[in-house]
Structure formats: structure tokens, C-alpha cells
$ cat upload-v2.csv   # CSV, C-alpha atoms
chain,number,residue,atom,x,y,z
A,18,MET,CA,0.0,0.0,0.0
A,19,ASP,CA,1.2,3.5,-0.8
A,20,LEU,CA,2.5,5.1,2.5
A,21,GLN,CA,0.6,8.3,1.9
A,22,ILE,CA,-2.7,6.4,1.7
A,23,LEU,CA,-1.6,4.4,4.8
A,24,TRP,CA,-0.9,7.5,6.8
A,25,PHE,CA,-4.1,9.3,5.6
A,26,ALA,CA,-6.0,6.2,6.9
A,27,ALA,CA,-4.0,6.4,10.2
A,28,VAL,CA,-4.9,10.0,10.7
A,29,ALA,CA,-8.6,9.2,10.0
A,30,VAL,CA,-8.4,6.3,12.5
A,31,LEU,CA,-6.8,8.5,15.2
A,32,TRP,CA,-9.4,11.3,14.8
A,33,THR,CA,-12.2,8.8,14.9
A,34,GLY,CA,-10.7,7.1,18.0
A,35,PHE,CA,-10.5,10.5,19.7
A,36,LEU,CA,-14.2,11.3,18.9
A,37,LEU,CA,-15.3,7.8,20.0
A,38,LEU,CA,-13.5,7.7,23.3
A,39,GLU,CA,-13.4,11.3,24.3
A,40,GLY,CA,-16.9,11.7,23.0
A,41,PHE,CA,-18.5,9.7,25.8
A,42,ASP,CA,-16.6,11.5,28.6
A,43,PHE,CA,-17.5,14.9,27.0
A,44,GLY,CA,-21.0,13.7,27.0
A,45,VAL,CA,-21.0,12.5,30.6
A,46,ALA,CA,-19.5,15.8,31.8
A,47,ALA,CA,-22.0,17.8,29.8
A,48,LEU,CA,-24.9,15.8,31.3
A,49,LEU,CA,-24.0,16.5,34.9
A,50,PRO,CA,-26.6,19.2,35.3
A,51,VAL,CA,-29.2,17.2,33.3
A,52,LEU,CA,-29.0,13.7,34.8
A,53,GLY,CA,-27.6,14.7,38.2
A,54,ARG,CA,-30.5,15.4,40.6
A,55,ARG,CA,-30.6,18.4,43.0
A,56,GLY,CA,-29.8,18.1,46.7
A,57,ALA,CA,-27.8,15.4,48.5
A,58,ASP,CA,-28.9,12.7,46.1
A,59,GLY,CA,-27.8,14.8,43.2
A,60,THR,CA,-24.4,15.2,44.7
A,61,ALA,CA,-24.1,11.5,44.9
A,62,ASP,CA,-25.3,11.0,41.3
A,63,ARG,CA,-22.9,13.6,40.0
A,64,HIS,CA,-20.0,12.0,41.8
A,65,LEU,CA,-21.1,8.7,40.4
A,66,MET,CA,-21.1,10.1,36.9
A,67,LEU,CA,-17.6,11.5,37.3
A,68,ARG,CA,-16.4,8.2,38.7
A,69,THR,CA,-17.4,6.4,35.5
A,70,ILE,CA,-14.9,8.5,33.5
A,71,GLY,CA,-12.4,9.2,36.2
A,72,PRO,CA,-9.9,6.4,35.2
A,73,VAL,CA,-10.1,7.1,31.5
A,74,TRP,CA,-10.7,10.7,30.6
A,75,ASP,CA,-7.1,11.9,30.6
A,76,GLY,CA,-6.0,8.8,28.6
A,77,ASN,CA,-8.7,9.6,26.0
A,78,GLU,CA,-7.3,13.0,25.5
A,79,VAL,CA,-4.0,11.5,24.3
A,80,TRP,CA,-5.8,10.6,21.1
A,81,LEU,CA,-6.1,14.3,20.3
A,82,ILE,CA,-2.4,14.8,20.8
A,83,THR,CA,-1.6,11.8,18.7
A,84,ALA,CA,-4.0,12.7,15.9
A,85,THR,CA,-2.7,16.3,15.7
A,86,GLY,CA,0.9,15.0,15.9
A,87,ALA,CA,0.3,12.5,13.1
A,88,VAL,CA,-1.0,15.3,10.8
A,89,PHE,CA,2.1,17.4,11.7
A,90,ALA,CA,4.6,14.5,11.1
A,91,ALA,CA,3.1,12.9,8.0
A,92,PHE,CA,1.4,15.8,6.3
A,93,PRO,CA,3.0,19.1,7.3
A,94,GLY,CA,1.3,20.9,4.4
A,95,TRP,CA,-2.0,19.9,5.9
A,96,TYR,CA,-1.0,21.0,9.3
A,97,ALA,CA,0.4,24.3,8.1
A,98,THR,CA,-2.8,25.1,6.2
A,99,TRP,CA,-5.3,23.8,8.7
A,100,LEU,CA,-4.2,25.1,12.1
A,101,PRO,CA,-3.3,28.6,11.1
A,102,ALA,CA,-6.7,28.9,9.3
A,103,LEU,CA,-8.5,27.8,12.5
A,104,TYR,CA,-6.5,29.3,15.3
A,105,LEU,CA,-9.6,30.5,17.1
A,106,PRO,CA,-11.5,27.2,17.5
A,107,PHE,CA,-8.3,25.4,18.5
A,108,VAL,CA,-7.4,28.0,21.1
A,109,VAL,CA,-11.0,27.6,22.4
A,110,VAL,CA,-10.5,23.8,22.5
A,111,LEU,CA,-7.2,24.2,24.5
A,112,LEU,CA,-8.8,26.5,27.0
A,113,GLY,CA,-11.8,24.2,27.4
A,114,LEU,CA,-9.5,21.2,28.0
A,115,ILE,CA,-7.3,23.1,30.4
A,116,VAL,CA,-10.1,24.4,32.7
A,117,ARG,CA,-11.8,21.0,32.5
A,118,ALA,CA,-8.6,19.2,33.7
A,119,VAL,CA,-8.1,21.7,36.5
A,120,ALA,CA,-11.8,21.3,37.6
A,121,PHE,CA,-11.4,17.5,37.7
A,122,GLU,CA,-8.5,17.9,40.1
A,123,TRP,CA,-9.8,20.7,42.2
A,124,ARG,CA,-13.4,19.6,42.6
A,125,HIS,CA,-12.6,17.1,45.4
A,126,GLN,CA,-10.3,19.4,47.4
A,127,SER,CA,-13.2,20.7,49.5
A,128,HIS,CA,-16.5,19.3,50.8
A,129,ASP,CA,-18.3,22.7,50.6
A,130,PRO,CA,-21.4,22.2,48.4
A,131,ARG,CA,-20.8,25.6,46.7
A,132,TRP,CA,-17.2,24.6,45.8
A,133,ASP,CA,-18.4,21.3,44.4
A,134,ALA,CA,-21.2,23.0,42.4
A,135,ALA,CA,-18.9,25.6,41.0
A,136,TRP,CA,-16.3,23.2,39.7
A,137,THR,CA,-18.9,20.8,38.4
A,138,ARG,CA,-20.2,23.7,36.2
A,139,VAL,CA,-16.6,24.3,35.0
A,140,ILE,CA,-16.3,20.6,34.1
A,141,THR,CA,-19.5,20.8,32.1
A,142,GLY,CA,-18.7,24.1,30.4
A,143,GLY,CA,-15.1,23.1,29.5
A,144,SER,CA,-16.4,19.8,28.0
A,145,LEU,CA,-19.0,21.6,25.9
A,146,VAL,CA,-16.6,24.2,24.7
A,147,ALA,CA,-13.9,21.6,23.8
A,148,ALA,CA,-16.4,19.4,22.0
A,149,ALA,CA,-17.9,22.3,20.0
A,150,GLY,CA,-14.4,23.6,19.1
A,151,ILE,CA,-13.2,20.3,17.8
A,152,GLY,CA,-16.4,19.9,15.8
A,153,ALA,CA,-16.1,23.4,14.4
A,154,ALA,CA,-12.5,22.8,13.3
A,155,LEU,CA,-13.3,19.4,11.7
A,156,GLY,CA,-16.5,20.7,10.1
A,157,ALA,CA,-14.8,23.7,8.5
A,158,THR,CA,-11.9,21.5,7.3
A,159,THR,CA,-14.0,18.8,5.7
A,160,LEU,CA,-16.5,21.1,4.1
A,161,GLY,CA,-14.0,23.8,3.0
A,162,LEU,CA,-11.8,26.7,4.1
A,163,PRO,CA,-11.2,30.0,2.4
A,164,ILE,CA,-7.6,29.3,1.4
A,165,ASP,CA,-5.6,30.6,-1.6
A,166,GLY,CA,-3.0,28.9,-3.8
A,167,SER,CA,-0.3,29.1,-1.1
A,168,GLY,CA,-2.6,27.5,1.5
A,169,THR,CA,-3.1,30.8,3.4
A,170,ARG,CA,-6.5,31.8,4.8
A,171,VAL,CA,-8.2,34.5,2.9
A,172,GLY,CA,-9.9,37.0,5.3
A,173,GLY,CA,-9.7,37.7,9.0
A,174,ALA,CA,-9.6,35.5,12.0
A,175,LEU,CA,-13.3,34.5,11.6
A,176,ALA,CA,-13.1,33.8,7.9
A,177,GLY,CA,-12.8,30.1,8.4
A,178,LEU,CA,-15.9,29.9,10.6
A,179,GLY,CA,-19.3,29.7,9.0
A,180,TRP,CA,-22.2,27.3,8.6
A,181,SER,CA,-19.9,24.4,8.1
A,182,SER,CA,-18.1,24.9,11.4
A,183,LEU,CA,-21.5,25.4,13.1
A,184,LEU,CA,-22.7,22.1,11.7
A,185,GLY,CA,-19.6,20.3,12.9
A,186,ALA,CA,-19.8,21.8,16.3
A,187,VAL,CA,-23.5,20.8,16.7
A,188,ALA,CA,-22.8,17.4,15.3
A,189,VAL,CA,-20.0,16.6,17.8
A,190,VAL,CA,-21.9,18.0,20.8
A,191,ALA,CA,-25.1,16.2,19.9
A,192,TYR,CA,-23.4,12.9,19.3
A,193,SER,CA,-21.4,13.2,22.5
A,194,LEU,CA,-24.5,13.9,24.6
A,195,VAL,CA,-26.2,10.7,23.5
A,196,HIS,CA,-22.8,8.8,23.7
A,197,GLY,CA,-22.4,9.9,27.3
A,198,ALA,CA,-25.9,8.9,28.2
A,199,LEU,CA,-25.4,5.4,26.7
A,200,PHE,CA,-22.1,5.1,28.5
A,201,LEU,CA,-23.8,5.9,31.8
A,202,ALA,CA,-26.5,3.4,31.1
A,203,LEU,CA,-23.8,0.8,30.5
A,204,LYS,CA,-21.6,1.7,33.4
A,205,THR,CA,-24.0,2.5,36.3
A,206,ASP,CA,-26.9,0.9,38.1
A,207,GLY,CA,-29.9,2.3,39.9
A,208,PRO,CA,-31.9,5.4,39.2
A,209,LEU,CA,-29.1,7.1,37.2
A,210,ARG,CA,-29.0,4.2,34.8
A,211,LEU,CA,-32.7,4.5,34.2
A,212,ARG,CA,-32.5,8.3,33.6
A,213,ALA,CA,-29.6,7.9,31.2
A,214,ARG,CA,-31.4,5.2,29.3
A,215,ALA,CA,-34.5,7.3,29.0
A,216,PHE,CA,-32.4,10.3,27.7
A,217,ALA,CA,-30.7,8.1,25.1
A,218,LEU,CA,-34.1,6.6,24.0
A,219,ARG,CA,-35.6,10.1,23.6
A,220,TRP,CA,-32.7,11.9,21.9
A,221,SER,CA,-30.6,9.3,19.9
A,222,PRO,CA,-32.5,9.9,16.6
A,223,VAL,CA,-32.2,13.7,17.0
A,224,GLY,CA,-28.6,13.5,18.2
A,225,ALA,CA,-27.5,11.6,15.0
A,226,LEU,CA,-29.1,14.0,12.5
A,227,PRO,CA,-26.3,16.7,12.5
A,228,LEU,CA,-23.6,14.0,12.1
A,229,LEU,CA,-25.5,12.3,9.3
A,230,ALA,CA,-26.1,15.6,7.6
A,231,TRP,CA,-22.4,16.5,7.8
A,232,ALA,CA,-21.3,13.2,6.3
A,233,GLY,CA,-24.0,13.4,3.7
A,234,LEU,CA,-22.9,16.8,2.5
A,235,VAL,CA,-19.3,15.5,2.0
A,236,GLN,CA,-20.7,12.4,0.3
A,237,LEU,CA,-22.8,14.4,-2.1
A,238,ARG,CA,-19.8,16.6,-3.0
A,239,SER,CA,-17.2,14.0,-3.8
A,240,GLY,CA,-18.4,10.6,-2.5
A,241,THR,CA,-18.2,7.1,-4.1
A,242,VAL,CA,-20.5,4.1,-4.1
A,243,LEU,CA,-18.5,2.7,-1.2
A,244,THR,CA,-18.9,5.8,0.9
A,245,ALA,CA,-22.6,6.0,0.1
A,246,VAL,CA,-22.9,2.4,1.5
A,247,LEU,CA,-21.0,3.5,4.6
A,248,TRP,CA,-23.4,6.5,5.1
A,249,LEU,CA,-26.4,4.1,4.9
A,250,ILE,CA,-24.8,1.9,7.5
A,251,ALA,CA,-24.5,4.9,9.8
A,252,ALA,CA,-28.1,5.7,9.3
A,253,LEU,CA,-29.2,2.1,9.9
A,254,ALA,CA,-27.0,2.0,13.1
A,255,VAL,CA,-29.2,4.9,14.5
A,256,VAL,CA,-32.3,2.7,14.2
A,257,VAL,CA,-30.4,-0.3,15.7
A,258,THR,CA,-29.3,1.9,18.6
A,259,TRP,CA,-32.8,3.1,19.3
A,260,THR,CA,-34.3,-0.4,19.2
A,261,ARG,CA,-31.6,-1.8,21.5
A,262,VAL,CA,-32.1,1.0,24.0
A,263,ARG,CA,-35.8,0.4,24.0
A,264,LEU,CA,-35.2,-3.3,24.8
A,265,ASP,CA,-32.8,-2.4,27.6
A,266,ARG,CA,-29.7,-3.8,25.8
A,267,GLU,CA,-27.2,-1.1,26.8
A,268,GLY,CA,-24.1,-2.9,25.5
A,269,GLN,CA,-25.7,-3.4,22.1
A,270,ALA,CA,-27.0,0.1,22.0
A,271,PHE,CA,-23.5,1.5,22.9
A,272,ALA,CA,-22.0,-0.6,20.1
A,273,GLY,CA,-24.6,0.6,17.7
A,274,TRP,CA,-24.0,4.2,18.6
A,275,ALA,CA,-20.3,3.7,18.1
A,276,THR,CA,-21.0,2.3,14.7
A,277,VAL,CA,-22.9,5.5,13.8
A,278,LEU,CA,-19.6,7.4,14.4
A,279,LEU,CA,-17.3,4.9,12.8
A,280,ALA,CA,-19.4,4.7,9.6
A,281,SER,CA,-19.9,8.5,9.5
A,282,ALA,CA,-16.2,9.2,9.9
A,283,ALA,CA,-15.3,6.6,7.3
A,284,THR,CA,-17.8,8.4,4.9
A,285,LEU,CA,-16.2,11.8,5.7
A,286,PHE,CA,-12.6,10.8,5.2
A,287,GLY,CA,-13.3,8.4,2.4
A,288,ALA,CA,-15.4,10.8,0.4
A,289,ALA,CA,-12.9,13.6,0.9
A,290,TYR,CA,-9.9,11.5,-0.2
A,291,PRO,CA,-7.4,12.6,-1.6
A,292,VAL,CA,-8.3,16.2,-0.6
A,293,VAL,CA,-7.4,17.0,3.0
A,294,VAL,CA,-8.3,20.7,3.0
A,295,PRO,CA,-10.8,21.8,0.3
A,296,SER,CA,-10.7,25.4,-0.7
A,297,THR,CA,-13.9,27.4,-0.9
A,298,VAL,CA,-12.1,30.1,-3.0
A,299,ASP,CA,-11.2,27.8,-5.9
A,300,ALA,CA,-11.1,24.0,-6.3
A,301,ALA,CA,-7.6,24.4,-7.9
A,302,PHE,CA,-6.4,25.5,-4.4
A,303,ASP,CA,-7.4,22.3,-2.7
A,304,VAL,CA,-4.7,20.7,-0.6
A,305,THR,CA,-4.3,17.0,-1.3
A,306,ILE,CA,-2.2,14.3,0.4
A,307,ALA,CA,0.3,14.4,-2.4
A,308,ASP,CA,0.7,18.2,-1.8
A,309,ALA,CA,0.9,17.9,2.0
A,310,SER,CA,3.0,14.8,2.5
A,311,VAL,CA,6.6,14.4,3.7
A,312,SER,CA,9.1,12.2,1.8
A,313,ASP,CA,8.6,8.4,1.5
A,314,TYR,CA,11.7,7.9,3.6
A,315,THR,CA,10.2,9.8,6.5
A,316,LEU,CA,6.9,8.0,6.1
A,317,THR,CA,8.8,4.7,6.2
A,318,VAL,CA,10.6,5.5,9.4
A,319,MET,CA,7.4,6.7,11.0
A,320,THR,CA,5.6,3.5,9.9
A,321,TRP,CA,8.2,1.4,11.7
A,322,VAL,CA,8.1,3.5,14.9
A,323,ALA,CA,4.3,3.5,14.9
A,324,GLY,CA,4.2,-0.3,14.2
A,325,ILE,CA,6.2,-0.9,17.3
A,326,GLY,CA,4.8,1.7,19.7
A,327,LEU,CA,1.1,1.9,18.8
A,328,PRO,CA,0.2,-1.7,19.7
A,329,VAL,CA,1.8,-1.2,23.2
A,330,VAL,CA,-0.3,2.0,23.7
A,331,LEU,CA,-3.5,0.3,22.5
A,332,ALA,CA,-2.9,-2.7,24.7
A,333,TYR,CA,-2.4,-0.5,27.8
A,334,GLN,CA,-5.6,1.5,27.1
A,335,ALA,CA,-7.6,-1.7,26.5
A,336,TRP,CA,-6.3,-3.1,29.7
A,337,THR,CA,-7.4,0.1,31.5
A,338,TYR,CA,-10.9,-0.3,30.2
A,339,TRP,CA,-11.0,-4.0,31.1
A,340,VAL,CA,-9.9,-3.3,34.7
A,341,PHE,CA,-12.6,-0.6,35.2
A,342,ARG,CA,-15.3,-2.5,33.3
A,343,ARG,CA,-17.7,-3.2,36.1
A,344,ARG,CA,-20.9,-1.2,36.8
A,345,LEU,CA,-20.8,1.4,39.5
A,346,THR,CA,-23.4,2.5,42.0
A,347,ALA,CA,-23.8,5.6,44.0
A,348,GLU,CA,-21.9,5.7,47.3
A,349,PRO,CA,-24.0,6.1,50.4
A,350,GLN,CA,-23.9,9.6,51.9
A,351,HIS,CA,-22.5,9.4,55.4
A,352,ARG,CA,-23.6,12.1,57.8
A,353,THR,CA,-21.8,13.0,61.1
A,354,VAL,CA,-24.3,13.5,63.9
A,355,ALA,CA,-23.2,15.8,66.7
A,356,ALA,CA,-23.3,14.4,70.2

$ encode --input "upload-v2.csv" --output "C-alpha cells"
Amino acid sequence: MDLQILWFAAVAVLWTGFLLLEGFDFGVAALLPVLGRRGADGTADRHLMLRTIGPVWDGNEVWLITATGAVFAAFPGWYATWLPALYLPFVVVLLGLIVRAVAFEWRHQSHDPRWDAAWTRVITGGSLVAAAGIGAALGATTLGLPIDGSGTRVGGALAGLGWSSLLGAVAVVAYSLVHGALFLALKTDGPLRLRARAFALRWSPVGALPLLAWAGLVQLRSGTVLTAVLWLIAALAVVVTWTRVRLDREGQAFAGWATVLLASAATLFGAAYPVVVPSTVDAAFDVTIADASVSDYTLTVMTWVAGIGLPVVLAYQAWTYWVFRRRLTAEPQHRTVAA
């Protein structure tokens, strides 16, 4: 296989892996004020929700670093066009991830209910901001950026943001919300599990629409028969997810919802190939993998390094999920009674 194609596929897999894994913990965090009840029971529920993602959320973020690093290493022309054109959403993403990480660490440093509530809101806000920023960047990239023949953005700082970035932002946030609810239904027991399942049953058809619309637009522009089949698989997976949730099959529903993303992402990247950054100014200015790639020698070295290191990383992360695979229940609230 041509190494440029191999690394284009690798970048697609890394971005898909990030959205799949980080998506559910974005969703869980965003649902804290929705599925976490008020009062003492709500505190226990919110704590339970955060416990479900506590062992994995920081590991999931590594996929973002790896995906961006792979673009930089294998396709520097792609990186040099994409990130400068979308500085604003990427800065927003970084800020969201930073405040989110700080909130995870600081939330448990005090037992004051106001402290807990404040940092819980920061976790929710940071997660929503990061998810929307990632979606905006990917939406603008796959549907087109205003770049000229040298790969430079035409216009001001907001020139790369428009309806395509809005669609991408809504798609990632909507998908993540349902993804988080299904993860909670799979990982918890008790009242929270029932509320999460009800949320997924109600919103899964709606939550899939922006993602399907995004993939469908790229498919209509430059898709093939294969990518059309992949889009249909994504649409059918929404139906499967809804029926599985209705039958209380959380594991099957979670797998079905993951298939929605996998098939949609395959449609997006497959239909776009070989273009990595389409230009809305002139199709002649599109950046392709041939334009953006490093030398074959560099790709060969990278392939050997990735072939050795990547299986180790994947095995470790799979082991982490296996260790923390059991369902969780809310911890009882202990009260100290004064003598």
C-alpha cells in the first residue's frame, strides 16, 4: 500500500478514535446538570457520573495529541494550512481542555457544596466548549476553508468559521450527549442508569441528525458508491441503537451508537480523499495528500516507529478499560451526627 494512503488512513483512525473515546466523557460531563438530581442525592449522582470517566478521561485526550501529531509529522502541508486557518477554534479547545482538567483535580479538594457545584459547572462548560471547538474545526476542514494557492487563509480571524463549522460543532456536541448517556446506562446501576437510558431513547434519533447531515454533504460533493454504503450503514445504526435502548440492551446500544460514528467518519474521510483541505475560493487550491506529505523515507521511518509503539499503547488502554469494566453504583452519603 502507498504510504501516503496508509498515513491518511491512520490520521482518520486517530481522529475517529478520539471522537469515539473522548466523546462519551465529553457527554458524561455535559450531562452532569441534566441527569444529576438536585440536593444530597444529586451530589451522589454527579459524583457517580464522574467516577465512570475518572480512570479514562485523561487517557482519552492522548488521542487528540496523537491525531494532531500524526498530521504534523506525516502531512506538514495539511497542518500548516489547517491550524493557522483555524487558530480561534483550536485556542478555544485548548482553553476548554485546560479548565476541564483543572476542575477535575480541584473539585474534590473541598466538601463545601458551593465549591463542588462551581467546579462541576466548570467541568460541564469546559467539556461543551472543547467538543464544540473540535467539531467546528473538523467541520470547516472537511467542508472547505477560504484558502488561496499558497494555503493561506483569505480574510480575517473569523473567515474560516461559518455554517460548516457550526454544523460540525453541533454534530459533535449532539453525538457526545447521547454517547455519554449510553455510557452511563452501560456503566451504572440504579436510578441514574434509568434516567440515562431514557435520555438516550428520547434523543438518539435527534442526536444523530447533524452528524449524518455533515457526512451526507461531503458524500454528495465527492463521494463514491462505497462511501454511500457507509453512510447508509451509519443511518441504519441509528435505528439499531434506538431499538436496542428500547429493549434495555445497553451494551448493544452502545456498540450501535459507536457504529454511527465509525461509519460516518469513514464516509467523511473516504469521500474527501485525496483532498485534506478543500478550498472554498477555488477548487484548484485544494490541498491533497500528495501536496501535503513528507518524503517516502520519512513515512517509512514513521511507519516502523508506529508499528512498534502503537500496539503497546492500544494494549495498555484496552487493559485500563478492562480493569474498570464493572458497573458502578452511588456511594451512600455518610452524615456525622453531633453528640

$ residues_around --input "upload-v2.csv" --residues "Val304 of chain A" --least-positions-apart "4" --cutoff "9 Å" --atoms "all atoms listed in the file" --output "list in words"
Gly94, Trp95, Thr98, Gly166, Gly168, Pro291, Val292, Val293, Val294, Pro295, Ser296, Asp308 and Ala309 of chain A

$ residues_near_point --input "upload-v2.csv" --point "(-23.7, 2.0, 19.7)" --cutoff "12 Å" --atoms "all atoms listed in the file" --output "PDB file with C-alpha atoms, in the coordinates of the input"
ATOM      1  CA  LEU A  37     -15.300   7.800  20.000  1.00  0.00           C
ATOM      2  CA  PHE A  41     -18.500   9.700  25.800  1.00  0.00           C
ATOM      3  CA  TYR A 192     -23.400  12.900  19.300  1.00  0.00           C
ATOM      4  CA  SER A 193     -21.400  13.200  22.500  1.00  0.00           C
ATOM      5  CA  VAL A 195     -26.200  10.700  23.500  1.00  0.00           C
ATOM      6  CA  HIS A 196     -22.800   8.800  23.700  1.00  0.00           C
ATOM      7  CA  GLY A 197     -22.400   9.900  27.300  1.00  0.00           C
ATOM      8  CA  ALA A 198     -25.900   8.900  28.200  1.00  0.00           C
ATOM      9  CA  LEU A 199     -25.400   5.400  26.700  1.00  0.00           C
ATOM     10  CA  PHE A 200     -22.100   5.100  28.500  1.00  0.00           C
ATOM     11  CA  ALA A 202     -26.500   3.400  31.100  1.00  0.00           C
ATOM     12  CA  LEU A 203     -23.800   0.800  30.500  1.00  0.00           C
ATOM     13  CA  ALA A 217     -30.700   8.100  25.100  1.00  0.00           C
ATOM     14  CA  SER A 221     -30.600   9.300  19.900  1.00  0.00           C
ATOM     15  CA  ALA A 225     -27.500  11.600  15.000  1.00  0.00           C
ATOM     16  CA  ALA A 251     -24.500   4.900   9.800  1.00  0.00           C
ATOM     17  CA  ALA A 252     -28.100   5.700   9.300  1.00  0.00           C
ATOM     18  CA  LEU A 253     -29.200   2.100   9.900  1.00  0.00           C
ATOM     19  CA  ALA A 254     -27.000   2.000  13.100  1.00  0.00           C
ATOM     20  CA  VAL A 255     -29.200   4.900  14.500  1.00  0.00           C
ATOM     21  CA  VAL A 256     -32.300   2.700  14.200  1.00  0.00           C
ATOM     22  CA  VAL A 257     -30.400  -0.300  15.700  1.00  0.00           C
ATOM     23  CA  THR A 258     -29.300   1.900  18.600  1.00  0.00           C
ATOM     24  CA  TRP A 259     -32.800   3.100  19.300  1.00  0.00           C
ATOM     25  CA  THR A 260     -34.300  -0.400  19.200  1.00  0.00           C
ATOM     26  CA  ARG A 261     -31.600  -1.800  21.500  1.00  0.00           C
ATOM     27  CA  VAL A 262     -32.100   1.000  24.000  1.00  0.00           C
ATOM     28  CA  ARG A 266     -29.700  -3.800  25.800  1.00  0.00           C
ATOM     29  CA  GLU A 267     -27.200  -1.100  26.800  1.00  0.00           C
ATOM     30  CA  GLY A 268     -24.100  -2.900  25.500  1.00  0.00           C
ATOM     31  CA  GLN A 269     -25.700  -3.400  22.100  1.00  0.00           C
ATOM     32  CA  ALA A 270     -27.000   0.100  22.000  1.00  0.00           C
ATOM     33  CA  PHE A 271     -23.500   1.500  22.900  1.00  0.00           C
ATOM     34  CA  ALA A 272     -22.000  -0.600  20.100  1.00  0.00           C
ATOM     35  CA  GLY A 273     -24.600   0.600  17.700  1.00  0.00           C
ATOM     36  CA  TRP A 274     -24.000   4.200  18.600  1.00  0.00           C
ATOM     37  CA  ALA A 275     -20.300   3.700  18.100  1.00  0.00           C
ATOM     38  CA  THR A 276     -21.000   2.300  14.700  1.00  0.00           C
ATOM     39  CA  VAL A 277     -22.900   5.500  13.800  1.00  0.00           C
ATOM     40  CA  LEU A 278     -19.600   7.400  14.400  1.00  0.00           C
ATOM     41  CA  LEU A 279     -17.300   4.900  12.800  1.00  0.00           C
ATOM     42  CA  ALA A 280     -19.400   4.700   9.600  1.00  0.00           C
TER      43      ALA A 280
END

$ residues_around --input "upload-v2.csv" --residues "Val28 of chain A" --least-positions-apart "6" --cutoff "8 Å" --atoms "all atoms listed in the file" --output "ChimeraX atom specification"
/A:84,87-88

$ write_last_selection --input "upload-v2.csv" --atoms "C-alpha atoms" --output "tab-separated table (two decimals), in the frame of the given file"
chain	number	residue	atom	x	y	z
A	84	ALA	CA	-4.00	12.70	15.90
A	87	ALA	CA	0.30	12.50	13.10
A	88	VAL	CA	-1.00	15.30	10.80

$ closest_residue --input "upload-v2.csv" --among "A:Ile82, A:Ala347, A:Val119, A:Val298" --to "Arg170 of chain A" --atoms "only C-alpha atoms"
A:Val298

$ atom_distance --input "upload-v2.csv" --atom1 "atom CA of Arg238 of chain A" --atom2 "atom CA of Leu155 of chain A"
16.3 Å

$ closest_residue --input "upload-v2.csv" --among "A:Met66, A:Gly71, A:Thr169, A:Phe107" --to "Glu122 of chain A" --atoms "all atoms listed in the file"
A:Gly71

$ closest_residue --input "upload-v2.csv" --among "A:Ala289, A:Val223, A:Lys204, A:Ser182" --to "Thr244 of chain A" --atoms "all atoms listed in the file"
A:Ala289

$ atom_distance --input "upload-v2.csv" --atom1 "atom CA of Ile115 of chain A" --atom2 "atom CA of Leu52 of chain A"
24.1 Å

$ closest_residue --input "upload-v2.csv" --among "A:Val109, A:Met319, A:Leu67, A:Ala188" --to "Arg124 of chain A" --atoms "only C-alpha atoms"
A:Leu67

$ residues_around --input "upload-v2.csv" --residues "Val311 of chain A" --least-positions-apart "6" --cutoff "10 Å" --atoms "all atoms listed in the file" --output "ChimeraX atom specification"
/A:21,89-94

$ decode --input "upload-v2.csv" --residues "segment 231-242 of chain A" --atoms "N, CA, C and O atoms" --output "tab-separated table (two decimals), in the first residue's frame"
chain	number	residue	atom	x	y	z
A	231	TRP	N	-23.79	16.18	8.09
A	231	TRP	CA	-22.40	16.54	7.80
A	231	TRP	C	-21.76	15.52	6.86
A	231	TRP	O	-21.20	15.89	5.80
A	232	ALA	N	-21.85	14.24	7.20
A	232	ALA	CA	-21.28	13.20	6.34
A	232	ALA	C	-21.99	13.16	4.99
A	232	ALA	O	-21.35	12.94	3.94
A	233	GLY	N	-23.30	13.39	4.99
A	233	GLY	CA	-24.05	13.37	3.74
A	233	GLY	C	-23.64	14.47	2.79
A	233	GLY	O	-23.57	14.27	1.57
A	234	LEU	N	-23.34	15.66	3.32
A	234	LEU	CA	-22.91	16.77	2.46
A	234	LEU	C	-21.56	16.47	1.79
A	234	LEU	O	-21.37	16.75	0.60
A	235	VAL	N	-20.63	15.91	2.56
A	235	VAL	CA	-19.34	15.54	1.96
A	235	VAL	C	-19.53	14.43	0.94
A	235	VAL	O	-18.90	14.43	-0.12
A	236	GLN	N	-20.42	13.50	1.24
A	236	GLN	CA	-20.71	12.42	0.31
A	236	GLN	C	-21.30	12.96	-1.00
A	236	GLN	O	-20.89	12.54	-2.10
A	237	LEU	N	-22.23	13.88	-0.93
A	237	LEU	CA	-22.83	14.45	-2.14
A	237	LEU	C	-21.82	15.22	-2.97
A	237	LEU	O	-21.91	15.26	-4.21
A	238	ARG	N	-20.82	15.83	-2.31
A	238	ARG	CA	-19.84	16.63	-3.03
A	238	ARG	C	-18.84	15.76	-3.77
A	238	ARG	O	-18.51	16.04	-4.92
A	239	SER	N	-18.33	14.71	-3.14
A	239	SER	CA	-17.23	13.97	-3.77
A	239	SER	C	-17.21	12.50	-3.39
A	239	SER	O	-16.16	11.87	-3.45
A	240	GLY	N	-18.35	11.95	-3.01
A	240	GLY	CA	-18.36	10.57	-2.54
A	240	GLY	C	-18.37	9.54	-3.64
A	240	GLY	O	-18.48	9.85	-4.83
A	241	THR	N	-18.23	8.29	-3.21
A	241	THR	CA	-18.24	7.14	-4.12
A	241	THR	C	-19.37	6.20	-3.70
A	241	THR	O	-20.07	6.44	-2.70
A	242	VAL	N	-19.52	5.12	-4.43
A	242	VAL	CA	-20.53	4.12	-4.07
A	242	VAL	C	-20.21	3.52	-2.70
A	242	VAL	O	-21.11	3.31	-1.88
